[in-house]
Every structure is written in C-alpha cells, then in structure tokens.
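A.B. asks: Handing over entry21.txt, compact mmCIF, C-alpha atoms.
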# COMPACT_ATOMS: atom_id res chain seq x y z
CA MET A 1 -3.97 -0.76 8.28
CA LEU A 2 -0.45 -1.91 7.62
CA ALA A 3 -1.43 -5.58 7.29
CA LEU A 4 -3.95 -4.81 4.53
CA GLU A 5 -1.49 -2.60 2.70
CA PHE A 6 1.10 -5.37 3.02
CA VAL A 7 -1.07 -8.10 1.47
CA SER A 8 -2.20 -5.59 -1.17
CA THR A 9 1.30 -5.46 -2.62
CA VAL A 10 -0.11 -8.09 -4.97
CA ARG A 11 -2.60 -6.30 -7.22
CA ALA A 12 -4.47 -6.97 -10.43
CA THR A 13 -4.09 -4.67 -13.41
CA ARG A 14 -5.42 -4.92 -16.94
CA SER A 15 -2.26 -6.77 -17.95
CA GLY A 16 -2.39 -9.27 -15.07
CA LEU A 17 -1.01 -9.50 -11.56
CA THR A 18 1.48 -6.93 -10.37
CA ASP A 19 3.74 -7.55 -7.39
CA THR A 20 5.11 -4.39 -5.80
CA LEU A 21 7.71 -6.51 -4.00
CA SER A 22 8.93 -8.33 -7.11
CA ASP A 23 12.36 -6.69 -6.95
CA VAL A 24 14.64 -4.90 -4.50
CA ALA A 25 13.72 -1.45 -5.84
CA GLY A 26 10.01 -2.12 -5.29
CA MET A 27 10.65 -3.48 -1.80
CA THR A 28 12.78 -0.45 -0.95
CA ALA A 29 10.15 2.01 -2.23
CA TRP A 30 7.31 0.27 -0.38
CA ALA A 31 9.29 0.09 2.87
CA ARG A 32 10.22 3.78 2.62
CA GLU A 33 6.53 4.68 2.14
CA HIS A 34 5.81 2.83 5.40
CA ALA A 35 9.02 3.76 7.25
CA ALA A 36 7.27 5.12 10.34
CA GLU A 37 5.04 2.04 10.69
CA LEU A 38 7.98 -0.32 10.12
CA GLY A 39 10.29 1.53 12.48
CA ILE A 40 12.98 2.15 9.87
CA ASP A 41 14.87 5.14 8.56
CA PRO A 42 13.36 6.92 5.52
CA GLY A 43 16.65 6.29 3.67
CA PHE A 44 16.38 2.51 4.12
CA THR A 45 17.51 0.27 1.23
CA ALA A 46 16.34 -3.35 0.97
CA THR A 47 18.45 -6.37 0.08
CA GLU A 48 17.44 -9.36 -2.01
CA ASP A 49 17.47 -11.59 1.10
CA LEU A 50 15.13 -9.22 2.94
CA ARG A 51 12.83 -9.01 -0.08
CA ARG A 52 12.57 -12.81 -0.25
CA GLU A 53 11.86 -13.06 3.49
CA VAL A 54 9.19 -10.36 3.32
CA VAL A 55 7.51 -12.01 0.30
CA GLU A 56 7.51 -15.34 2.17
CA LEU A 57 5.87 -13.60 5.13
CA ARG A 58 3.33 -11.93 2.85
CA GLN A 59 2.31 -15.31 1.44
CA ALA A 60 1.88 -16.63 4.98
CA VAL A 61 -0.27 -13.63 5.94
CA ARG A 62 -2.34 -14.06 2.78
CA ALA A 63 -2.87 -17.72 3.75
CA LEU A 64 -4.13 -16.64 7.17
CA PHE A 65 -6.39 -14.03 5.53
CA ALA A 66 -7.75 -16.78 3.26
CA ARG A 67 -8.57 -18.83 6.37
CA ALA A 68 -10.17 -15.80 8.03
CA VAL A 69 -12.59 -15.15 5.14
CA ALA A 70 -13.62 -18.82 4.84
CA PRO A 71 -16.07 -20.18 3.87
CA ASP A 72 -15.97 -17.36 1.32
CA PRO A 73 -13.33 -17.92 -1.36
CA ALA A 74 -9.77 -16.68 -0.91
CA SER A 75 -8.27 -14.08 -3.20
CA GLY A 76 -7.80 -15.47 -6.70
CA ALA A 77 -4.33 -13.95 -6.94
CA ASP A 78 -2.44 -16.76 -5.36
CA ALA A 79 -4.84 -19.10 -3.55
CA HIS A 80 -3.30 -22.06 -5.36
CA ARG A 81 0.24 -21.06 -4.26
CA LEU A 82 -0.34 -20.26 -0.60
CA PRO A 83 1.49 -22.23 2.08
CA GLY A 84 -0.47 -24.41 4.49
CA PHE A 85 -2.28 -22.96 7.49
CA ALA A 86 -0.06 -24.42 10.24
CA GLU A 87 3.13 -23.42 8.42
CA SER A 88 1.77 -19.90 7.88
CA LEU A 89 0.71 -19.54 11.50
CA ASP A 90 4.14 -20.65 12.71
CA LEU A 91 5.95 -18.26 10.35
CA VAL A 92 3.85 -15.23 11.32
CA ASN A 93 4.22 -15.96 15.04
CA ALA A 94 7.98 -16.52 14.73
CA ALA A 95 8.40 -13.27 12.80
CA ALA A 96 6.45 -11.33 15.44
CA LEU A 97 8.45 -12.88 18.28
CA ALA A 98 11.81 -12.22 16.65
CA VAL A 99 11.80 -8.61 17.80
CA PRO A 100 9.83 -7.82 20.94
CA LEU A 101 8.11 -4.46 20.62
CA ALA A 102 7.40 -1.86 23.27
CA PRO A 103 5.49 1.41 23.35
CA ARG A 104 7.50 4.65 23.43
CA LEU A 105 6.03 8.02 24.27
CA GLU A 106 7.09 10.89 22.01
CA TRP A 107 6.07 14.40 22.93
CA PRO A 108 7.06 17.11 20.44
CA ASP A 109 7.46 20.72 21.62
CA GLU A 110 4.57 21.77 19.43
CA GLY A 111 1.94 19.09 19.63
CA ALA A 112 0.26 16.30 21.49
CA PRO A 113 2.02 13.24 22.83
CA VAL A 114 2.13 10.23 20.54
CA ALA A 115 2.71 6.58 21.40
CA ARG A 116 4.97 4.75 18.93
CA THR A 117 5.76 1.07 18.89
CA VAL A 118 9.49 0.46 18.74
CA PRO A 119 11.75 -2.58 19.09
CA ALA A 120 12.47 -3.31 22.75
CA ALA A 121 16.12 -3.98 21.79
CA GLU A 122 18.37 -3.25 18.83
CA ALA A 123 17.57 -5.46 15.87
CA ALA A 124 18.66 -5.80 12.26
CA TRP A 125 16.38 -4.43 9.53
CA SER A 126 14.99 -7.76 8.37
CA PRO A 127 13.66 -9.05 11.69
CA ARG A 128 12.47 -5.55 12.60
CA ILE A 129 10.46 -5.13 9.39
CA ARG A 130 9.07 -8.66 9.52
CA ALA A 131 8.12 -8.27 13.20
CA ALA A 132 6.21 -5.06 12.47
CA LEU A 133 4.38 -6.67 9.54
CA ALA A 134 3.59 -9.87 11.43
CA SER A 135 2.42 -7.92 14.50
CA SER A 136 0.11 -5.85 12.32
CA ALA A 137 -1.36 -9.01 10.79
CA ILE A 138 -1.82 -10.58 14.23
CA ALA A 139 -3.58 -7.45 15.50
CA LEU A 140 -5.99 -7.50 12.55
CA LEU A 141 -6.65 -11.25 12.67
CA ALA A 142 -7.10 -11.35 16.47
CA GLY A 143 -9.13 -8.13 16.61
CA PRO A 144 -12.70 -7.20 15.75
CA GLU A 145 -11.76 -6.34 12.15
CA ARG A 146 -11.33 -10.05 11.35
CA GLU A 147 -15.11 -10.50 11.33
CA ARG A 148 -15.34 -7.79 8.65
CA LEU A 149 -12.40 -9.01 6.55
CA ARG A 150 -13.52 -9.84 3.01
CA THR A 151 -12.16 -10.82 -0.38
CA CYS A 152 -13.19 -8.40 -3.10
CA PRO A 153 -15.50 -10.30 -5.50
CA ALA A 154 -15.06 -7.86 -8.41
CA PRO A 155 -13.72 -9.27 -11.68
CA ARG A 156 -9.90 -9.42 -11.71
CA CYS A 157 -9.59 -7.97 -8.19
CA VAL A 158 -7.34 -9.88 -5.82
CA LEU A 159 -7.51 -7.62 -2.76
CA TYR A 160 -8.73 -8.15 0.77
CA PHE A 161 -10.56 -5.35 2.58
CA VAL A 162 -12.27 -4.63 5.88
CA LYS A 163 -15.98 -4.05 5.35
CA GLU A 164 -16.74 -0.56 6.70
CA HIS A 165 -20.55 -0.60 6.43
CA ALA A 166 -23.33 -3.14 5.95
CA ARG A 167 -23.84 -2.49 2.22
CA GLN A 168 -20.17 -2.50 1.22
CA GLU A 169 -19.49 -5.37 -1.18
CA TRP A 170 -16.24 -4.34 -2.88
CA CYS A 171 -12.86 -2.97 -1.86
CA SER A 172 -13.35 0.26 -3.83
CA VAL A 173 -15.80 2.22 -5.92
CA GLY A 174 -13.83 1.23 -9.03
CA CYS A 175 -14.29 -2.47 -8.26
CA GLY A 176 -18.00 -1.92 -7.65
CA ASN A 177 -18.32 -0.23 -11.03
CA ARG A 178 -16.44 -3.07 -12.74
CA ALA A 179 -18.65 -5.68 -11.06
CA ARG A 180 -21.85 -3.88 -12.05
CA ALA A 181 -20.62 -3.41 -15.63
CA ALA A 182 -19.71 -7.11 -15.87
CA ARG A 183 -23.14 -8.10 -14.51
CA HIS A 184 -24.84 -5.77 -17.01
CA TYR A 185 -22.77 -7.23 -19.86
CA ARG A 186 -23.65 -10.82 -18.82
CA GLN A 187 -27.36 -10.01 -18.57
CA HIS A 188 -27.50 -8.34 -21.97
CA LYS A 189 -25.21 -10.81 -23.70
CA THR A 190 -27.66 -13.68 -23.08
CA ARG A 191 -30.53 -11.85 -24.76
Kindly return the structure encoded in the file as structure tokens.
C.D. replies:
Amino acid sequence: MLALEFVSTVRATRSGLTDTLSDVAGMTAWAREHAAELGIDPGFTATEDLRREVVELRQAVRALFARAVAPDPASGADAHRLPGFAESLDLVNAAALAVPLAPRLEWPDEGAPVARTVPAAEAAWSPRIRAALASSAIALLAGPERERLRTCPAPRCVLYFVKEHARQEWCSVGCGNRARAARHYRQHKTR
C-alpha cells in the first residue's frame, strides 16, 4: 500500500529516527522506487520545494492515521509535531483534488490487460506526486483497511501497519521479537 509506505518514510533505527525524505537525494530515490505508483518517469529528480511539500503532506497523512487508530496512541515518532486534524484533512483533500485521476487500460502484446490510474490532464510533477499520495491515503482511510490500521507498539518502532490476522500485534517479526525481549528483560530485572 502506497500510503503505508509513504508514512513509513519516518523510521526508527538504533541511533534514533531516520527520515528517508530528509533531503532531495532521499526524496528522489524514494520517488523513483515508486515511479509506477506515482505516475512519474523512472528518471525523475526531485527539487527542494517538492520535497518540502511532500513532507508536509506526509505529516498531514500521519495526523489522519493518528486519528484513525484512536483511542490507541499515535506513533511516537512525531505525535507531538503533527498538524491539527482539520488542517490535515484539508491539505490531503486539496492535494488529491489538484490533479484529477482517471483509469487507463494498458494491454501489452504479451500479457493481460492492466488498469493504471493516470492524471486526467497534464500536470507538473509536484501536484501529480502529491495527488497520488493523497489519493492512496484517502483510499486506505475510507476503505475497510482503516478498521485494521494500527500503530506498532514495539519499543522504538514508529510505524503504522494494517493488521492482517487476528493475532498480529506488531508491524513485523523483528518488532515482535524486540517487544518479547523487552518484556522478558523487564520481568527478570524486577526479580
């Protein structure tokens, strides 16, 4: 899911928070990895203005994710720095509306037909990328996945994830192992 990958550009490492979009090179690399989903050329290069706009949108989407997981706590990465709900909702909706999208049927000579979402009209890179990201967030938050959206409770993890099965508690096996190890340490430390 593009929206989850987008908000996961803020990650926790042993040395603290890491922001994939902290500079133009990181923004360019991330956008190129998601070129098909964003509707951009694989040779795309970001600008500082685009990076700032995308980071602002990411914070708004993270604020909406925080609202979606309530009353559970929001991600500890940036809960104290998130914009307000109404402001975030307005920003995400405006970004999605900036470039109307339409389905396009592609049918390669060797293969099955594929529907791709493309801008309904020519648009600059910035509104096109932001519209794709905002539309992905809207689809997740307005769809059935919202009910399964969770904040990972593992120590130092700052990610959101969609719960895939009833017993899933963490975003990954690694986070589950860290949480169990921390619980074991706490239980044995008090003895």
A.B. asks: Which residues are close to segment 128-136 of chain A, i.e. within 8 Å by all atoms listed in the file, leaving aside same-chain residues fewer than 4 positions away? Reply as a ChimeraX atom specification.
C.D. replies: /A:1-3,6,37-40,53-54,57,61,92-93,95-100,119,123-124,140
A.B. asks: Val118 of chain A: which residues within 8 Å, counting all atoms listed in the file, same-chain residues fewer than 3 positions away excluded, as a PDB file with C-alpha atoms, keeping the file's coordinate frame?
C.D. replies:
ATOM      1  CA  GLY A  39      10.290   1.530  12.480  1.00  0.00           C
ATOM      2  CA  LEU A 101       8.110  -4.460  20.620  1.00  0.00           C
ATOM      3  CA  ALA A 102       7.400  -1.860  23.270  1.00  0.00           C
ATOM      4  CA  PRO A 103       5.490   1.410  23.350  1.00  0.00           C
ATOM      5  CA  ARG A 104       7.500   4.650  23.430  1.00  0.00           C
TER       6      ARG A 104
END
A.B. asks: Would you mind reading off the distance between atom CA of Ala120 of chain A and atom CA of Pro144 of chain A, one decimal, in Å?
C.D. replies: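 We find that atom CA of Ala120 of chain A and atom CA of Pro144 of chain A lie 26.4 Å from each other.
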A.B. asks: Quick one: everything within 12 Å of segment 80-88 of chain A, counting all atoms listed in the file, minus sequence neighbours fewer than 3 positions away in the same chain. Send it as an MDAnalysis selection string.
C.D. replies: chainID A and resid 55:68 73:77 91:95 134 137:138
A.B. asks: Here is a test: counting only C-alpha atoms, which residue of A:Ala36, A:Leu159, A:Ala79, A:Cys152 is nearest to Val10 of chain A?
C.D. replies: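 Among the listed residues, A:Leu159 lies closest to Val10 of chain A.
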A.B. asks: How many Å lie between atom CA of Gly26 of chain A and atom CA of Thr45 of chain A, rounded to one decimal?
C.D. replies: 10.2 Å
A.B. asks: Quick one: distance from atom CA of Trp125 of chain A to atom CA of Ala46 of chain A in Å, one decimal?
C.D. replies: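 Between atom CA of Trp125 of chain A and atom CA of Ala46 of chain A the gap is 8.6 Å.
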A.B. asks: Of the candidates A:Thr13, A:Pro113, A:Val162, A:Ser126, which shows the shortest atom-to-atom distance to Gly143 of chain A, using all atoms listed in the file?
C.D. replies: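 Using all atoms listed in the file, the shortest distance to Gly143 of chain A belongs to A:Val162.
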A.B. asks: Taking the point (15.4, 1.8, 0.0) as given in the file, collect each protein or nucleic acid residue that comes within 7 Å of it, counting only C-alpha atoms, and present the set as a list in words.
C.D. replies: Ala25, Thr28, Ala29, Ala31, Arg32, Gly43, Phe44, Thr45 and Ala46 of chain A
A.B. asks: Give the answer as one residue: which of A:Val69, A:Val7, A:Asp78, A:Ala112 has the shortest atom-to-atom distance to Lys163 of chain A, using only C-alpha atoms?
C.D. replies: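 Counting only C-alpha atoms, the residue closest to Lys163 of chain A is A:Val69.
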A.B. asks: Under the rule that all atoms listed in the file are counted, which of A:Trp170, A:Glu48, A:Glu5, A:Asp72 is the nearest residue to Cys157 of chain A?
C.D. replies: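 Ranked by minimum distance to Cys157 of chain A, first place goes to A:Trp170.
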A.B. asks: I'd like the contact shell of Asp19 of chain A - 8 Å cut-off, only C-alpha atoms, skipping same-chain residues fewer than 2 positions apart - returned as an mmCIF file with C-alpha atoms, keeping the file's coordinate frame.
C.D. replies:
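To be explicit, this is the file written out as selection12.cif:
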data_model
loop_
_atom_site.group_PDB
_atom_site.id
_atom_site.type_symbol
_atom_site.label_atom_id
_atom_site.label_comp_id
_atom_site.auth_asym_id
_atom_site.auth_seq_id
_atom_site.Cartn_x
_atom_site.Cartn_y
_atom_site.Cartn_z
ATOM 1 C CA THR A 9 1.300 -5.460 -2.620
ATOM 2 C CA VAL A 10 -0.110 -8.090 -4.970
ATOM 3 C CA ARG A 11 -2.600 -6.300 -7.220
ATOM 4 C CA LEU A 17 -1.010 -9.500 -11.560
ATOM 5 C CA LEU A 21 7.710 -6.510 -4.000
ATOM 6 C CA SER A 22 8.930 -8.330 -7.110
#
A.B. asks: Let me make sure I understand: among A:Leu141, A:Pro153, A:Asp23, A:His165, which one has the smallest atom-to-atom distance to Leu89 of chain A if we use only C-alpha atoms?
C.D. replies: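 When distances to Leu89 of chain A are compared using only C-alpha atoms, the smallest one comes from A:Leu141.
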A.B. asks: For a quick check of understanding, using all atoms listed in the file, which of A:Val24, A:Arg150, A:Pro108, A:Asp90 has the smallest distance to Pro71 of chain A?
C.D. replies: A:Arg150
